[in-house]
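Structure, as structure tokens:
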Amino acid sequence: MIMSEKTFPSHARVVIVGGGVMGVGLAYHLAHEGWGHDTVLLEKAELTSGSTWHAAGQITHSTSSYGLGKCVDYNIGLYSGGLEAETGQAVTWHGCGSFRLAYTEDEMDWLRHTLSVGRSLGFNIDLVSPQRVAELHPFYNLDGVLGALHTPDDGHVDPTNVTMALAAGARAKGVRIIRRCRASNITQLASGEWQVETDQGTITCEHVVNAGGTYARQMGEWSGLQLPMTSMTHHYFVTENVPEFEALDRELPVIRDDKKVSGYIRMEQKRGLIGIYEKANPNAVWLDECPWDYENWLFDADYDRVMPWLEESLNRMPVLAERGITREVHGAISHPPDGNPLIGPAPGVRNYWCCCGTQIGIGWGPGLTRELARWMVHGAADISMRDYDPRRFGSYATKEWQVIKAKEDYCLRHEIPFPHFNRLAGRPVKPSPLYDRLKSKGAVFEEVYGHERPRWFAKAGIAQHDHYGFGRTPVHDVVGDECRAVREAAGIMDISAFTKVELSGPEAETLLDRLVANRLPRKTGGIALTHMLNAAGRIELETTVVRLASDRFYLVCAAFFEQRLLDHLDRHRGTADVTVTLRSNDWAALTLNGPRSRDILATCTDAPLDNAAFPWLTAQEITVAGHRLWAFRMSYAGELGWEFHMPRDAALAVYDALWAAGAPLGLADYGSFAMNAMRMEKGFKGAGELTNEVTLAEADVLRFARTDKAYIGREATLAPARRFVCAYLEIAPDGAHDGHGGEAVLLQGKVVGSTASVAYGHSCGKILAFAYVRPEANVAGTEVEVVIAGTPRPARILGAPAYDPEGLLPRTDAAQIPA
């Protein structure tokens with residue numbers, strides 16, 4: 001629909017509320033996806049007048065995130081020429097490059113890992129000596145520096161110019177941008193459409209987008225939504241002109257000094273610019289709401305808060321020490337609880353999209369808004385959106401908790417992002433019934449969708465806290481012991497964090513059959529592993545389906561997919577006579593695995609457990625330790641085993657009974673680290689492989705899809721064209737570094753893909769990985785290399801699981817178990 005420029009529109013397909021770089025970036029990319037003439041953007045003041053205008057505007061290829069790396073590479077290409085060439089609008093790109101410095105071996109390991117991720121993405125990136133830094137930046141004090149990551153194509157850009165150029169590109173393709181138009185309410189009509197009330201009129205739309213920046217949380221409340229983010233203030237300072245800069249014929253590279261400065265230092269014309277994320281006393285503002293009349297707002301500088309890092313920045317850049325400060329920028333930026341933006345569907349509603357919570361809008365914005373535009377228009381993004389999906393948070397993310405986590409995130413902005421880094425503030429959130437018992441036994445927990453899940457169990461003098469490193473830590477051997485206990489005797493794990501949903505009613509089977517690619521279990525007690533897809537044939541989620549009765553099904557999936565599963569069911573249920581019951585919070589779950597698991601369970605139940613009475617991949621309601629529960633004969637560890645799902649108040653008694661029976665037989669507690677290692681040994685794909693960017697064919701899980709039934713996404717997921725495919729590899733260990741995902745995979749010296757998940761297989765003595773590679777490289781026996789810790793490591797494509805390749809152990813009958 002083409003709207004008049006003079007009258008306020010009454011309808012649009014999309015209304016974006018917010019005119020910063022995120023909102024305008026989305027308008028630009030929606031226009032490029034063909035929705036330009038159907039999109040309206042509303043801004044209460046002038047474009048960029050919230051947080052965008054006061055951004056420092058830097059962008060770097062230095063990221064260890066594969067998906068985010070794709071975004072920043074796109075953004076740098078856009079800023080360095082593509083956007084200005086398209087629109088004729090200057091963006092003021094400074095392609096000066098940058099260095100990220102390392103003072104410790106942990107930092108060097110971080111840079112080596114980032115180097116491998118960058119190589120897999122084709123970046124111009126290298127690890128260099130302090131001498132090379134000095135050649136390109138002679139004014140920085142490099143005392144103590146061991147090395148640096150050099151990203152020559154990096155730079156910085158004028159935030160306002162970029163946004164105006166994006167706006168020009170959006171307008172050229174039909175987007176209408178209305179300034180000085182303040183939205184005051186967003187409500188959903190009975191028709192499913194959204195109504196946006198403003199001081200210029202009311203507009204009705206199919207899709208509404210919250211791009212409100214520091215206003216986004218309070219805007220969400222208009223629609224009954226809880227969008228977790230908190231405004232935190234950040235300083236940067238601009239000095240007087242620096243005489244030493246006057247004679248330079250080029251701009252110095254940006255220096256990112258995480259350890260000493262907790263920020264960055266660069267040139268601003270012939271002046272110095274110092275940005276600091278102080279690692280103490282973080283400042284949150286506007287805890288209730290951001291004032292609506294604020295425009296281009298800054299706070300007074302708080303030198304007391306930043307002084308230790310500001311002083312150190314002058315020690316590191318002595319040419320700035322005698323220069324006065326001419327500009328103090330102390331502005332507010334949104335920080336979600338985990339530091340990642342909220343990009344995607346709002347939880348529990350249809351066609352309300354989040355494009356907010358972005359603390360690095362210039363660096364991340366255009367790439368992420370391009371993916372959001374693709375998601376809105378085509379039903380799927382082209383990178384994994386798991387880390388950005390707003391539905392990754394639940395109702396536990398209260399305002400008070402949000403502030404605690406935002407302060408934690410701010411302090412971590414320039415800390416080393418160690419693998420499996422555990423954010424401890426505001427914990428525990430949702431402890432299971434076993435939390436205290438397992439904690440007393442040495443459990444170190446992680447938080448998944450608010451749930452506390454054991455990672456590993458401290459013993460043998462290993463302290464009960466996280467041990468960090470890009471190389472092996474003391475936890476490596478502890479996890480190996482847990483794996484061996486499961487493989488040789490038995491292990492028990494609290495898996496209460498899994499999403500648990502019951503689907504019942506006369507039309508439950510009809511609805512579910514239309515949503516899953518695999519055949520549903522035909523008999524009561526049957527179990528099937530299957531996937532739900534979107535219309536583009538990409539994977540929404542993997543779920544285990546158990547038929548509890550003719551009209552009753554039980555669905556289990558990863559914790560962070562809970563809201564996605566509920567939304568998917570709601571979106572497609574229509575008028576079906578179906579009841580959806582969430583069991584995640586009132587049911588608990590345990591898993592028991594290993595060759596002695598049948599012996600252990602037999603002492604706690606009267607139910608027969610042999611293959612004839614209780615076959616593999618079936619479920620039964622049985623009594624364990626006096627409690628009725630559902631037992632599923634299945635095993636993510638690839639051993640003889642069961643899962644037990646039960647009301648919360650039964651879990652502790654069931655655990656204690658199993659433990660008492662199993663301790664004499666070698667039963668051990670184990671956690672998610674061992675579980676991950678064992679699933680890798682079995683070649684079981686997980687959330688790192690089964691993402692929204694791939695089809696079932698590309699994920700190499702077509703064996704779980706039926707060709708003789710209709711389901712959403714069927715034609716697209718079965719299409720023969722494959723951009724890449726998920727390969728299974730073994731990698732030669734070096735005894736020190738095992739890899740963490742995102743590493744480059746090389747075939748005859750050329751990059752052919754990157755790893756998705758990596759873990760050491762204690763049962764086979766090899767590093768195991770899943771990697772998305774070009775189809776021609778995925779041939780069993782093919783010799784490849786994987787770049788781990790900066791060094792190419794020999795690897796080989798596998799054609800079968802590294803452990804129990806024929807899958808016999810889970811099906812073991814009672815007579816084969818030694819007494």
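Ligands are numbered from 1 in the order shown, chains are lettered A, B, ... in the order of the structure tokens, and residues start at 1 in each chain.
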From the DSSP assignment of the backbone, select every residue of segment 363-596 of chain A that is strand (DSSP E or B), and format the answer as a PDB file with C-alpha atoms, in the first residue's frame.
```
ATOM      1  CA  LYS A 430      14.397 -21.580  39.884  1.00  0.00           C
ATOM      2  CA  ALA A 443      27.353 -29.675  42.341  1.00  0.00           C
ATOM      3  CA  VAL A 444      28.400 -26.604  40.371  1.00  0.00           C
ATOM      4  CA  PHE A 445      25.277 -25.252  38.686  1.00  0.00           C
ATOM      5  CA  GLU A 446      24.439 -23.356  35.525  1.00  0.00           C
ATOM      6  CA  GLU A 447      21.280 -21.399  34.778  1.00  0.00           C
ATOM      7  CA  VAL A 448      19.134 -22.428  31.803  1.00  0.00           C
ATOM      8  CA  HIS A 451      16.441 -23.360  36.097  1.00  0.00           C
ATOM      9  CA  GLU A 452      19.506 -24.429  38.055  1.00  0.00           C
ATOM     10  CA  ARG A 453      21.116 -27.451  36.382  1.00  0.00           C
ATOM     11  CA  PRO A 454      24.257 -29.254  37.616  1.00  0.00           C
ATOM     12  CA  ARG A 455      27.305 -28.890  35.386  1.00  0.00           C
ATOM     13  CA  TRP A 456      29.716 -31.156  37.266  1.00  0.00           C
ATOM     14  CA  PHE A 457      30.404 -32.364  40.793  1.00  0.00           C
ATOM     15  CA  ALA A 490      25.698 -45.958  36.253  1.00  0.00           C
ATOM     16  CA  GLY A 491      25.116 -42.247  36.567  1.00  0.00           C
ATOM     17  CA  ILE A 492      22.178 -40.156  37.740  1.00  0.00           C
ATOM     18  CA  MET A 493      21.410 -36.575  36.711  1.00  0.00           C
ATOM     19  CA  ASP A 494      18.819 -33.951  37.580  1.00  0.00           C
ATOM     20  CA  THR A 499      10.767 -28.000  29.013  1.00  0.00           C
ATOM     21  CA  LYS A 500       7.798 -30.253  29.731  1.00  0.00           C
ATOM     22  CA  VAL A 501       4.450 -29.670  27.993  1.00  0.00           C
ATOM     23  CA  GLU A 502       1.332 -31.810  27.884  1.00  0.00           C
ATOM     24  CA  LEU A 503      -0.958 -31.664  24.863  1.00  0.00           C
ATOM     25  CA  SER A 504      -4.395 -33.215  25.241  1.00  0.00           C
ATOM     26  CA  VAL A 516       6.149 -32.652  13.456  1.00  0.00           C
ATOM     27  CA  GLY A 526       5.388 -44.955  22.399  1.00  0.00           C
ATOM     28  CA  ILE A 527       8.247 -42.463  22.119  1.00  0.00           C
ATOM     29  CA  ALA A 528       9.405 -40.558  19.055  1.00  0.00           C
ATOM     30  CA  LEU A 529      12.172 -38.014  18.483  1.00  0.00           C
ATOM     31  CA  THR A 530      11.054 -35.380  16.029  1.00  0.00           C
ATOM     32  CA  HIS A 531      11.386 -31.774  14.891  1.00  0.00           C
ATOM     33  CA  MET A 532       9.051 -28.847  14.387  1.00  0.00           C
ATOM     34  CA  LEU A 533       9.777 -26.631  11.397  1.00  0.00           C
ATOM     35  CA  ARG A 538      14.143 -24.532   8.959  1.00  0.00           C
ATOM     36  CA  ILE A 539      14.240 -26.117  12.409  1.00  0.00           C
ATOM     37  CA  GLU A 540      12.188 -24.410  15.112  1.00  0.00           C
ATOM     38  CA  LEU A 541      13.014 -27.000  17.763  1.00  0.00           C
ATOM     39  CA  GLU A 542      13.689 -30.668  18.458  1.00  0.00           C
ATOM     40  CA  THR A 543      11.337 -32.481  20.818  1.00  0.00           C
ATOM     41  CA  THR A 544      10.703 -35.911  22.249  1.00  0.00           C
ATOM     42  CA  VAL A 545       7.023 -36.882  21.967  1.00  0.00           C
ATOM     43  CA  VAL A 546       5.525 -39.487  24.301  1.00  0.00           C
ATOM     44  CA  ARG A 547       1.996 -40.774  23.796  1.00  0.00           C
ATOM     45  CA  LEU A 548       0.497 -41.002  27.284  1.00  0.00           C
ATOM     46  CA  ALA A 549      -2.990 -41.931  26.029  1.00  0.00           C
ATOM     47  CA  ARG A 552      -2.740 -37.115  25.410  1.00  0.00           C
ATOM     48  CA  PHE A 553       0.873 -36.379  24.495  1.00  0.00           C
ATOM     49  CA  TYR A 554       3.880 -35.266  26.502  1.00  0.00           C
ATOM     50  CA  LEU A 555       6.553 -33.121  24.842  1.00  0.00           C
ATOM     51  CA  VAL A 556      10.073 -32.661  26.189  1.00  0.00           C
ATOM     52  CA  CYS A 557      12.629 -30.272  24.714  1.00  0.00           C
ATOM     53  CA  THR A 579      -5.498 -28.164  25.814  1.00  0.00           C
ATOM     54  CA  VAL A 580      -1.868 -27.131  26.320  1.00  0.00           C
ATOM     55  CA  THR A 581      -0.559 -27.601  29.868  1.00  0.00           C
ATOM     56  CA  LEU A 582       2.879 -26.415  30.900  1.00  0.00           C
ATOM     57  CA  TRP A 587       7.185 -31.468  37.400  1.00  0.00           C
ATOM     58  CA  ALA A 588      10.757 -32.602  37.966  1.00  0.00           C
ATOM     59  CA  ALA A 589      12.827 -35.155  36.047  1.00  0.00           C
ATOM     60  CA  LEU A 590      15.795 -37.467  36.569  1.00  0.00           C
ATOM     61  CA  THR A 591      17.789 -39.664  34.241  1.00  0.00           C
ATOM     62  CA  LEU A 592      19.531 -42.921  35.163  1.00  0.00           C
ATOM     63  CA  ASN A 593      22.059 -44.313  32.669  1.00  0.00           C
TER      64      ASN A 593
END
```
Report task. Just the residues within 6 Å of Pro337 of chain A, please, counting only C-alpha atoms, with nothing from its chain fewer than 2 positions along; format it as a list in words. Result ->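 The contact residues come out as Gly339, Gln402, Lys405 and Ala406 of chain A.
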Any chance you can output those residues with C-alpha atoms as a PDB file, in the first residue's frame?
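This went into selection.pdb:
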```pdb
ATOM      1  CA  GLY A 339      24.183  -8.718  27.227  1.00  0.00           C
ATOM      2  CA  GLN A 402      16.854  -7.370  35.423  1.00  0.00           C
ATOM      3  CA  LYS A 405      21.829  -8.836  35.784  1.00  0.00           C
ATOM      4  CA  ALA A 406      22.302  -5.631  33.784  1.00  0.00           C
TER       5      ALA A 406
END
```
Query raised in the report: How many Å lie between atom CA of Cys181 of chain A and atom CA of Tyr352 of chain A, rounded to one decimal?
Result: 19.8 Å
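Atom pair atom CA of Val475 of chain A / atom CA of Ile495 of chain A has a distance of 20.3 Å (rounded to one decimal).
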Report task. Please give the complete set of residues from segment 382-543 of chain A that DSSP, run on the backbone, assigns to helix (DSSP H, G or I), formatted as a PyMOL selection string. Result -> chain A and resi 390-392+399-411+435-440+475-488+508-515
Requested in this report: Considering only C-alpha atoms, return as a PyMOL selection string whatever protein or nucleic-acid residues lie within 6 Å of Asn611 of chain A, sequence-local ones (same chain, fewer than 3 positions apart) excluded.
Outcome: chain A and resi 614-615+813
Selection file, N, CA and C atoms, as an mmCIF file, in the first residue's frame:
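In the end it all went to part.cif:
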```cif
data_model
loop_
_atom_site.group_PDB
_atom_site.id
_atom_site.type_symbol
_atom_site.label_atom_id
_atom_site.label_comp_id
_atom_site.auth_asym_id
_atom_site.auth_seq_id
_atom_site.Cartn_x
_atom_site.Cartn_y
_atom_site.Cartn_z
ATOM 1 N N PHE A 614 9.428 -54.082 29.082
ATOM 2 C CA PHE A 614 9.654 -52.632 29.020
ATOM 3 C C PHE A 614 10.642 -52.367 27.884
ATOM 4 N N PRO A 615 10.150 -52.365 26.626
ATOM 5 C CA PRO A 615 11.052 -52.237 25.478
ATOM 6 C C PRO A 615 11.714 -50.862 25.388
ATOM 7 N N ASP A 813 19.305 -56.369 27.023
ATOM 8 C CA ASP A 813 18.255 -57.047 27.796
ATOM 9 C C ASP A 813 18.794 -57.431 29.176
#
```
Query - Pro130 of chain A surroundings by only C-alpha atoms, 8 Å radius, close-in-sequence under 4 positions cut, as a PyMOL selection string - result: chain A and resi 134+142+145-148
Report task. Please provide as a VMD selection string all residues within 12 Å of Ser191 of chain A, with the sequence filter that same-chain residues fewer than 6 positions apart are discarded (counting only C-alpha atoms). Result -> chain A and resid 204 to 206 350
